[in-house]
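Asker: Sharing a structure here in structure tokens format.
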Amino acid sequence: MDSDDAAVELRKLLTEAAHVFSEYVRESQQPGAQVSGRIQGVIADAAQSESDARMFPDAGVGSRVWDDVRDVCAGAANTWSSAFLYKLYAAPAPMGIVGETLLAVLNNNAHVTRAAPSGAAIERAVARKLAQLLGFPSSADGLTFPGGSYANLHALMTARNTRFPDVRTRGMSNVRGAVFTSAHAHYSIDKAAVAAGFGLDSVVYVPTDSVGCMDVHKLRKLMLESRARGVEPFFVNATMGTTVLGACDPIASISRVCREFGAWLHVDGSWGGPHALFGDDPAFSVHNIHIDSFVVNPHKLLGVPLQCSFLIMRQGLNVMRRALGLGATYLFHDEQVCGESDVPCDVGDATLGCGRRPDAIKFWLMWRYYGTQYFTNRVALARNTSLRLAELVRTRTSLLGRWELVTEPASTCVCFWFVPCALNDKRSEWGGATRRMCTHINDGGSMLLDYATVDVFDGTNTCTLPEFFRIPINNPSVSSATLNDVLNAIESAAAELYP
């Protein structure tokens, strides 16, 4: 295929794609649109192990592929619906989709600067802007990663190799280190500890208070006990926006404890980080706080297409390169220096992988197109909508049962129970009722909700709460009508299941 043929084919395909995609988005946003995916067409045949030839034809199907595209859309979860309240993301902003398409057109690899010159420059500029918004020193820098879990892993590996440099050559045989994290932290911290060779027995889960924030006094006590056992407390993960309750750990107090012990402080702001960047809640501000590394996922609250995560390092990329780089000169041989002493532009050597998508481009294009105020407004809207839902739960009355908040929302997750009248005095059955009602609603297909449970400290003991509804607010199209639809759907499910 010559260059003209490729350009003509691309124009033809993108024109048709624009029609099909915009049609899908328009239909997906209609009231009552299906939210749960329904697998159909050739995809259903593949799921049933039928007709391999239909799924993988010898001769291409040509323009009939758009029927397949529509089948893929029909079988997808509808994140464009305001009734998609299932996970910590929603539909992306339209300019984000343009950015995602641009990445595919360019097909650049950001591991080596000459392979992605504009992508590398944009990544550096966006990372430093995020560091500035966080109040980090001018030495700070960062990189994109395919998800917060992978970014958390890099933070832990960098901290490990910085604190125990012999690991790079001698392995883990003589290393005794402990990782401290909230009992409500994301499970990726556990996985990172396993991948880093410490094992789950080296992860210390710090109890939380009644609203899900790490207990700093217990953190310090546990770190003292660890050091007394000869296990170095070298890494502390604080969470900004826990996955379930949306709580923010007391980062300033945690930072002071980390400085006392010489421990690396990492903040997982995958969900709540936008509140620190673009919000006005002082509980999320990290200015004038010593933090070694910080993760934020713009693909969650900020509406950037999956995936787009940033890891910001206080000491810049040099610390990552020293900890993780191997200097593979057959690949990384660019001698340019990017603003930081002795740090080459080829940042792939500062990661555990090689190939890297220049995901910062789609975030930056959104920033350019919509402006900073877009992100500020989006965070504020999500927060205000969360508070509105909490108020509805707090004040709503029903003949079918009782509404009860788990806790006041700290950010943009609203957690609550609906207790059918038949179970009012049977707290041990609340969790089962929540699961049944949630499944019943989701099976209906027009709404997707989720439930969760956590351990909380009640002032005397730690107890496991019965499962409750957990509603993350992200999609800007969620309205007061949407919130009432959610509560009505839960009451309707209770009426059918607990007559």
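A note on labels: chains of the structure tokens are A, B, ... as shown, every chain counts residues from 1, and ligands are counted from 1 in their shown order.
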With only C-alpha atoms as the counted atoms, please give the residues lying no more than 6 Å from segment 422-435 of chain A, apart from itself and same-chain residues fewer than 2 positions off, as a list in words.

Answerer: Val419, Pro420, Met437, Cys438, Pro466, Glu467 and Phe468 of chain A

Asker: With DSSP run on the backbone, what are the helix (DSSP H, G or I) residues within segment 58-195 of chain A? I'd like them as JSON, numbers by chain.

Answerer: {"A": [62, 63, 64, 65, 66, 67, 68, 69, 70, 71, 72, 73, 74, 94, 95, 96, 97, 98, 99, 100, 101, 102, 103, 104, 105, 106, 113, 114, 115, 117, 118, 119, 120, 121, 122, 123, 124, 125, 126, 127, 128, 129, 130, 131, 132, 133, 134, 148, 149, 150, 151, 152, 153, 154, 155, 156, 157, 158, 159, 160, 161, 162, 163, 167, 168, 169, 170, 188, 189, 190, 191, 192, 193, 194, 195]}

Asker: Write the residues of the preceding selection, restricted to C-alpha atoms, as a PDB file, in the first residue's frame.

Answerer:
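That gives us again15.pdb:
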```pdb
ATOM      1  CA  GLY A  62     -14.530  -5.395   4.323  1.00  0.00           C
ATOM      2  CA  SER A  63     -17.239  -2.861   5.095  1.00  0.00           C
ATOM      3  CA  ARG A  64     -19.235  -5.466   7.008  1.00  0.00           C
ATOM      4  CA  VAL A  65     -16.732  -4.907   9.804  1.00  0.00           C
ATOM      5  CA  TRP A  66     -18.926  -2.007  10.942  1.00  0.00           C
ATOM      6  CA  ASP A  67     -21.562  -4.555  11.915  1.00  0.00           C
ATOM      7  CA  ASP A  68     -18.878  -6.109  14.103  1.00  0.00           C
ATOM      8  CA  VAL A  69     -18.037  -2.688  15.563  1.00  0.00           C
ATOM      9  CA  ARG A  70     -21.692  -2.211  16.470  1.00  0.00           C
ATOM     10  CA  ASP A  71     -21.734  -5.667  18.058  1.00  0.00           C
ATOM     11  CA  VAL A  72     -18.671  -4.740  20.130  1.00  0.00           C
ATOM     12  CA  CYS A  73     -20.475  -1.593  21.288  1.00  0.00           C
ATOM     13  CA  ALA A  74     -23.604  -3.580  22.165  1.00  0.00           C
ATOM     14  CA  PRO A  94     -14.619  13.942  23.383  1.00  0.00           C
ATOM     15  CA  MET A  95     -11.258  15.703  22.985  1.00  0.00           C
ATOM     16  CA  GLY A  96      -9.700  12.863  24.952  1.00  0.00           C
ATOM     17  CA  ILE A  97     -10.988  10.488  22.278  1.00  0.00           C
ATOM     18  CA  VAL A  98      -9.359  12.654  19.638  1.00  0.00           C
ATOM     19  CA  GLY A  99      -6.117  12.419  21.599  1.00  0.00           C
ATOM     20  CA  GLU A 100      -6.438   8.636  21.879  1.00  0.00           C
ATOM     21  CA  THR A 101      -6.936   8.434  18.110  1.00  0.00           C
ATOM     22  CA  LEU A 102      -3.904  10.643  17.550  1.00  0.00           C
ATOM     23  CA  LEU A 103      -1.763   8.224  19.567  1.00  0.00           C
ATOM     24  CA  ALA A 104      -2.807   5.426  17.219  1.00  0.00           C
ATOM     25  CA  VAL A 105      -2.093   7.540  14.124  1.00  0.00           C
ATOM     26  CA  LEU A 106       1.381   8.485  15.361  1.00  0.00           C
ATOM     27  CA  THR A 113      13.032  10.474  22.767  1.00  0.00           C
ATOM     28  CA  ARG A 114      13.898  10.300  19.064  1.00  0.00           C
ATOM     29  CA  ALA A 115      11.074   7.772  18.658  1.00  0.00           C
ATOM     30  CA  PRO A 117       9.966  13.732  20.257  1.00  0.00           C
ATOM     31  CA  SER A 118       6.699  15.635  20.756  1.00  0.00           C
ATOM     32  CA  GLY A 119       5.320  12.985  23.113  1.00  0.00           C
ATOM     33  CA  ALA A 120       8.429  13.098  25.287  1.00  0.00           C
ATOM     34  CA  ALA A 121       8.366  16.893  25.468  1.00  0.00           C
ATOM     35  CA  ILE A 122       4.662  16.950  26.348  1.00  0.00           C
ATOM     36  CA  GLU A 123       5.094  14.243  28.983  1.00  0.00           C
ATOM     37  CA  ARG A 124       7.857  16.252  30.652  1.00  0.00           C
ATOM     38  CA  ALA A 125       5.861  19.476  30.558  1.00  0.00           C
ATOM     39  CA  VAL A 126       2.682  17.901  31.961  1.00  0.00           C
ATOM     40  CA  ALA A 127       4.567  16.037  34.697  1.00  0.00           C
ATOM     41  CA  ARG A 128       6.293  19.209  35.846  1.00  0.00           C
ATOM     42  CA  LYS A 129       3.030  21.151  35.758  1.00  0.00           C
ATOM     43  CA  LEU A 130       1.379  18.517  37.960  1.00  0.00           C
ATOM     44  CA  ALA A 131       4.364  18.667  40.330  1.00  0.00           C
ATOM     45  CA  GLN A 132       3.990  22.444  40.490  1.00  0.00           C
ATOM     46  CA  LEU A 133       0.267  22.175  41.283  1.00  0.00           C
ATOM     47  CA  LEU A 134       1.104  19.753  44.095  1.00  0.00           C
ATOM     48  CA  GLY A 148      -2.007   3.410  39.044  1.00  0.00           C
ATOM     49  CA  SER A 149      -1.067  -0.129  40.051  1.00  0.00           C
ATOM     50  CA  TYR A 150       1.964  -0.113  37.766  1.00  0.00           C
ATOM     51  CA  ALA A 151       2.894   3.376  38.959  1.00  0.00           C
ATOM     52  CA  ASN A 152       2.656   2.232  42.597  1.00  0.00           C
ATOM     53  CA  LEU A 153       4.925  -0.701  41.773  1.00  0.00           C
ATOM     54  CA  HIS A 154       7.533   1.655  40.330  1.00  0.00           C
ATOM     55  CA  ALA A 155       7.392   3.852  43.419  1.00  0.00           C
ATOM     56  CA  LEU A 156       7.978   0.872  45.695  1.00  0.00           C
ATOM     57  CA  MET A 157      10.756  -0.569  43.534  1.00  0.00           C
ATOM     58  CA  THR A 158      12.485   2.804  43.373  1.00  0.00           C
ATOM     59  CA  ALA A 159      12.236   3.180  47.139  1.00  0.00           C
ATOM     60  CA  ARG A 160      13.530  -0.362  47.690  1.00  0.00           C
ATOM     61  CA  ASN A 161      16.557   0.018  45.433  1.00  0.00           C
ATOM     62  CA  THR A 162      17.328   3.439  46.880  1.00  0.00           C
ATOM     63  CA  ARG A 163      17.219   2.191  50.469  1.00  0.00           C
ATOM     64  CA  VAL A 167      19.513  -5.560  45.795  1.00  0.00           C
ATOM     65  CA  ARG A 168      20.365  -4.665  42.217  1.00  0.00           C
ATOM     66  CA  THR A 169      23.300  -7.086  42.177  1.00  0.00           C
ATOM     67  CA  ARG A 170      22.880  -9.462  45.122  1.00  0.00           C
ATOM     68  CA  SER A 188      -1.851  -2.948  44.253  1.00  0.00           C
ATOM     69  CA  ILE A 189       0.390  -2.097  47.214  1.00  0.00           C
ATOM     70  CA  ASP A 190       0.207  -5.739  48.309  1.00  0.00           C
ATOM     71  CA  LYS A 191       0.972  -6.909  44.776  1.00  0.00           C
ATOM     72  CA  ALA A 192       3.876  -4.487  44.531  1.00  0.00           C
ATOM     73  CA  ALA A 193       5.325  -5.873  47.768  1.00  0.00           C
ATOM     74  CA  VAL A 194       5.059  -9.394  46.356  1.00  0.00           C
ATOM     75  CA  ALA A 195       6.627  -8.368  43.047  1.00  0.00           C
TER      76      ALA A 195
END
```

Asker: Check the smallest atom-to-atom distance from each of A:Ala228, A:Ala380, A:Val456, A:Ile43 to Ala183 of chain A using only C-alpha atoms, then report the winner.

Answerer: A:Val456

Asker: State, in Å with one decimal place, the distance from atom CA of Gly279 of chain A to atom CA of Pro207 of chain A.

Answerer: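 Interatomic distance, atom CA of Gly279 of chain A to atom CA of Pro207 of chain A: 27.2 Å.
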
Asker: So, with only C-alpha atoms as the atoms that count, which of A:Ser309, A:Thr453, A:Ser210, A:Ser411 lies closest to Pro358 of chain A?

Answerer: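 Closest to Pro358 of chain A of all the choices is A:Ser309.
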
Asker: Using only C-alpha atoms, find each residue in segment 289-370 of chain A having at least one atom no more than 6 Å away from segment 83-93 of chain A; report its shortest atom-to-atom pair and that distance in Å (one decimal), rows by chain then rising number, as a tab-separated table.

Answerer:
```
residue	atom	partner	partner_atom	distance
A:Lys300	CA	A:Tyr89	CA	4.5
A:Gly303	CA	A:Pro92	CA	4.7
A:Val304	CA	A:Pro92	CA	5.4
A:Pro305	CA	A:Pro92	CA	5.0
```

Asker: Using N, CA, C and O atoms, can you write the selected residues to a file as a PDB file, in the first residue's frame?

Answerer:
```pdb
ATOM      1  N   LYS A 300      -9.444   8.723  35.612  1.00  0.00           N
ATOM      2  CA  LYS A 300     -10.584   8.536  36.519  1.00  0.00           C
ATOM      3  C   LYS A 300     -11.384   9.834  36.610  1.00  0.00           C
ATOM      4  O   LYS A 300     -12.219  10.112  35.757  1.00  0.00           O
ATOM      5  N   GLY A 303     -11.580  12.467  33.418  1.00  0.00           N
ATOM      6  CA  GLY A 303     -12.220  12.148  32.150  1.00  0.00           C
ATOM      7  C   GLY A 303     -11.295  11.899  30.983  1.00  0.00           C
ATOM      8  O   GLY A 303     -11.732  11.918  29.823  1.00  0.00           O
ATOM      9  N   VAL A 304     -10.024  11.626  31.234  1.00  0.00           N
ATOM     10  CA  VAL A 304      -9.096  11.261  30.159  1.00  0.00           C
ATOM     11  C   VAL A 304      -9.341   9.785  29.809  1.00  0.00           C
ATOM     12  O   VAL A 304      -9.622   8.977  30.695  1.00  0.00           O
ATOM     13  N   PRO A 305      -9.263   9.395  28.545  1.00  0.00           N
ATOM     14  CA  PRO A 305      -9.493   7.987  28.193  1.00  0.00           C
ATOM     15  C   PRO A 305      -8.507   7.053  28.895  1.00  0.00           C
ATOM     16  O   PRO A 305      -7.339   7.401  29.112  1.00  0.00           O
TER      17      PRO A 305
END
```

Asker: Excluding Ser398 of chain A and residues on its chain fewer than 2 positions from it, collect all residues at most 10 Å away from it, counting only C-alpha atoms, and give them as an NGL selection string.

Answerer: :A and (396 or 400-403 or 418 or 420-421 or 491)

Asker: Given the choices A:Ala178, A:Ala410, A:Leu392, A:Val244, which gets closest to Pro282 of chain A if the distance is worked out from only C-alpha atoms?

Answerer: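 With only C-alpha atoms as the atom set, the closest residue is A:Ala410.
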
Asker: Measuring atom to atom with only C-alpha atoms, identify which of A:Val347, A:Ala263, A:Lys12, A:Phe363 is nearest to Arg322 of chain A.

Answerer: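 Answer, going by the shortest atom-to-atom distance: A:Val347.
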
Asker: Between A:Val478, A:Leu387, A:Phe416, A:Tyr187, which has the minimum distance to Leu200 of chain A (counting only C-alpha atoms)?

Answerer: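 For Leu200 of chain A, the nearest of the given residues is A:Tyr187.
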
Asker: I need the residues in segment 46-187 of chain A that are strand (DSSP E or B) according to DSSP; give them as a ChimeraX atom specification.

Answerer: /A:84,141-145,177-182

Asker: Include N, CA, C and O atoms and write out the residues we just selected as a CSV table (one decimal), in the first residue's frame.

Answerer:
```csv
chain,number,residue,atom,x,y,z
A,84,PHE,N,-24.3,4.6,34.8
A,84,PHE,CA,-23.1,3.8,35.0
A,84,PHE,C,-22.4,4.3,36.3
A,84,PHE,O,-21.6,5.3,36.2
A,141,ASP,N,9.8,15.7,38.9
A,141,ASP,CA,9.5,15.3,37.5
A,141,ASP,C,8.7,14.0,37.5
A,141,ASP,O,8.4,13.5,38.6
A,142,GLY,N,8.3,13.6,36.4
A,142,GLY,CA,7.4,12.4,36.4
A,142,GLY,C,7.3,11.7,35.1
A,142,GLY,O,7.7,12.3,34.0
A,143,LEU,N,6.6,10.6,35.1
A,143,LEU,CA,6.4,9.8,33.9
A,143,LEU,C,4.9,9.3,33.9
A,143,LEU,O,4.3,9.1,35.0
A,144,THR,N,4.4,8.9,32.7
A,144,THR,CA,3.1,8.2,32.6
A,144,THR,C,3.3,6.7,32.7
A,144,THR,O,4.4,6.2,32.4
A,145,PHE,N,2.3,6.1,33.3
A,145,PHE,CA,2.3,4.6,33.4
A,145,PHE,C,0.9,4.1,33.0
A,145,PHE,O,-0.1,4.8,33.1
A,177,GLY,N,13.0,-5.6,55.0
A,177,GLY,CA,12.2,-4.3,55.0
A,177,GLY,C,10.8,-4.5,55.1
A,177,GLY,O,10.2,-5.6,54.8
A,178,ALA,N,10.1,-3.5,55.7
A,178,ALA,CA,8.6,-3.6,55.9
A,178,ALA,C,8.0,-2.4,55.1
A,178,ALA,O,8.5,-1.3,55.1
A,179,VAL,N,6.8,-2.8,54.6
A,179,VAL,CA,6.0,-1.8,53.8
A,179,VAL,C,4.7,-1.5,54.7
A,179,VAL,O,4.0,-2.4,55.1
A,180,PHE,N,4.5,-0.3,54.9
A,180,PHE,CA,3.3,0.1,55.8
A,180,PHE,C,2.3,0.8,54.9
A,180,PHE,O,2.6,1.7,54.1
A,181,THR,N,1.0,0.4,55.1
A,181,THR,CA,0.0,1.0,54.3
A,181,THR,C,-1.3,0.9,55.1
A,181,THR,O,-1.5,0.0,56.0
A,182,SER,N,-2.3,1.7,54.8
A,182,SER,CA,-3.6,1.7,55.5
A,182,SER,C,-4.3,0.3,55.2
A,182,SER,O,-4.1,-0.2,54.1
```

Asker: Quick one: residues within 7 Å of segment 265-274 of chain A, only C-alpha atoms, excluding same-chain residues fewer than 3 positions away - as a PyMOL selection string?

Answerer: chain A and resi 148+235-241+255+258+277-279+291-297+300-301+379

Asker: Near Met214 of chain A, counting only C-alpha atoms, which residues have an atom at most 7 Å away, once you skip same-chain residues fewer than 2 positions from it, shown as a list of chain:residue names?

Answerer: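 The residues that qualify are A:Ser182, A:Val206, A:Pro207, A:Thr208, A:Asp209, A:Gly212, A:Val216, A:Asp249, A:Pro250.
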
Asker: Atoms to include: all heavy atoms. Write the selected residues as a JSON list (two decimals), in the first residue's frame.

Answerer:
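Final file, result.json:
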```json
[["chain", "number", "residue", "atom", "x", "y", "z"],
["A", 182, "SER", "N", -2.28, 1.71, 54.82],
["A", 182, "SER", "CA", -3.58, 1.67, 55.46],
["A", 182, "SER", "C", -4.29, 0.35, 55.17],
["A", 182, "SER", "O", -4.12, -0.24, 54.09],
["A", 182, "SER", "CB", -4.44, 2.84, 54.96],
["A", 182, "SER", "OG", -5.81, 2.60, 55.15],
["A", 206, "VAL", "N", -1.91, -0.76, 58.65],
["A", 206, "VAL", "CA", -2.16, 0.17, 59.76],
["A", 206, "VAL", "C", -3.66, 0.37, 59.91],
["A", 206, "VAL", "O", -4.35, 0.68, 58.94],
["A", 206, "VAL", "CB", -1.48, 1.52, 59.49],
["A", 206, "VAL", "CG1", -1.66, 2.45, 60.68],
["A", 206, "VAL", "CG2", 0.01, 1.32, 59.18],
["A", 207, "PRO", "N", -4.19, 0.20, 61.12],
["A", 207, "PRO", "CA", -5.63, 0.39, 61.32],
["A", 207, "PRO", "C", -6.06, 1.81, 60.98],
["A", 207, "PRO", "O", -5.25, 2.75, 60.98],
["A", 207, "PRO", "CB", -5.82, 0.09, 62.81],
["A", 207, "PRO", "CG", -4.66, -0.75, 63.19],
["A", 207, "PRO", "CD", -3.52, -0.27, 62.34],
["A", 208, "THR", "N", -7.34, 1.96, 60.68],
["A", 208, "THR", "CA", -7.90, 3.27, 60.37],
["A", 208, "THR", "C", -8.83, 3.72, 61.49],
["A", 208, "THR", "O", -9.21, 2.93, 62.36],
["A", 208, "THR", "CB", -8.69, 3.24, 59.06],
["A", 208, "THR", "OG1", -9.84, 2.40, 59.23],
["A", 208, "THR", "CG2", -7.84, 2.70, 57.92],
["A", 209, "ASP", "N", -9.20, 4.99, 61.43],
["A", 209, "ASP", "CA", -10.18, 5.49, 62.38],
["A", 209, "ASP", "C", -11.59, 5.18, 61.85],
["A", 209, "ASP", "O", -11.76, 4.46, 60.86],
["A", 209, "ASP", "CB", -9.99, 6.99, 62.63],
["A", 209, "ASP", "CG", -10.11, 7.83, 61.36],
["A", 209, "ASP", "OD1", -10.69, 7.34, 60.36],
["A", 209, "ASP", "OD2", -9.62, 8.97, 61.36],
["A", 212, "GLY", "N", -12.17, 5.89, 58.10],
["A", 212, "GLY", "CA", -11.33, 5.24, 57.11],
["A", 212, "GLY", "C", -9.98, 5.86, 56.88],
["A", 212, "GLY", "O", -9.30, 5.52, 55.91],
["A", 216, "VAL", "N", -2.35, 7.59, 62.66],
["A", 216, "VAL", "CA", -0.92, 7.92, 62.64],
["A", 216, "VAL", "C", -0.22, 7.44, 63.90],
["A", 216, "VAL", "O", 0.95, 7.02, 63.85],
["A", 216, "VAL", "CB", -0.73, 9.43, 62.45],
["A", 216, "VAL", "CG1", 0.76, 9.78, 62.41],
["A", 216, "VAL", "CG2", -1.40, 9.90, 61.18],
["A", 249, "ASP", "N", -5.92, 9.91, 53.85],
["A", 249, "ASP", "CA", -5.09, 9.74, 55.04],
["A", 249, "ASP", "C", -4.47, 11.08, 55.46],
["A", 249, "ASP", "O", -4.25, 11.96, 54.60],
["A", 249, "ASP", "CB", -3.97, 8.73, 54.76],
["A", 249, "ASP", "CG", -4.48, 7.30, 54.65],
["A", 249, "ASP", "OD1", -5.54, 7.00, 55.24],
["A", 249, "ASP", "OD2", -3.82, 6.48, 53.98],
["A", 250, "PRO", "N", -4.18, 11.27, 56.74],
["A", 250, "PRO", "CA", -3.58, 12.53, 57.23],
["A", 250, "PRO", "C", -2.12, 12.64, 56.80],
["A", 250, "PRO", "O", -1.20, 12.29, 57.55],
["A", 250, "PRO", "CB", -3.73, 12.42, 58.74],
["A", 250, "PRO", "CG", -3.76, 10.96, 59.02],
["A", 250, "PRO", "CD", -4.45, 10.32, 57.84]]
```
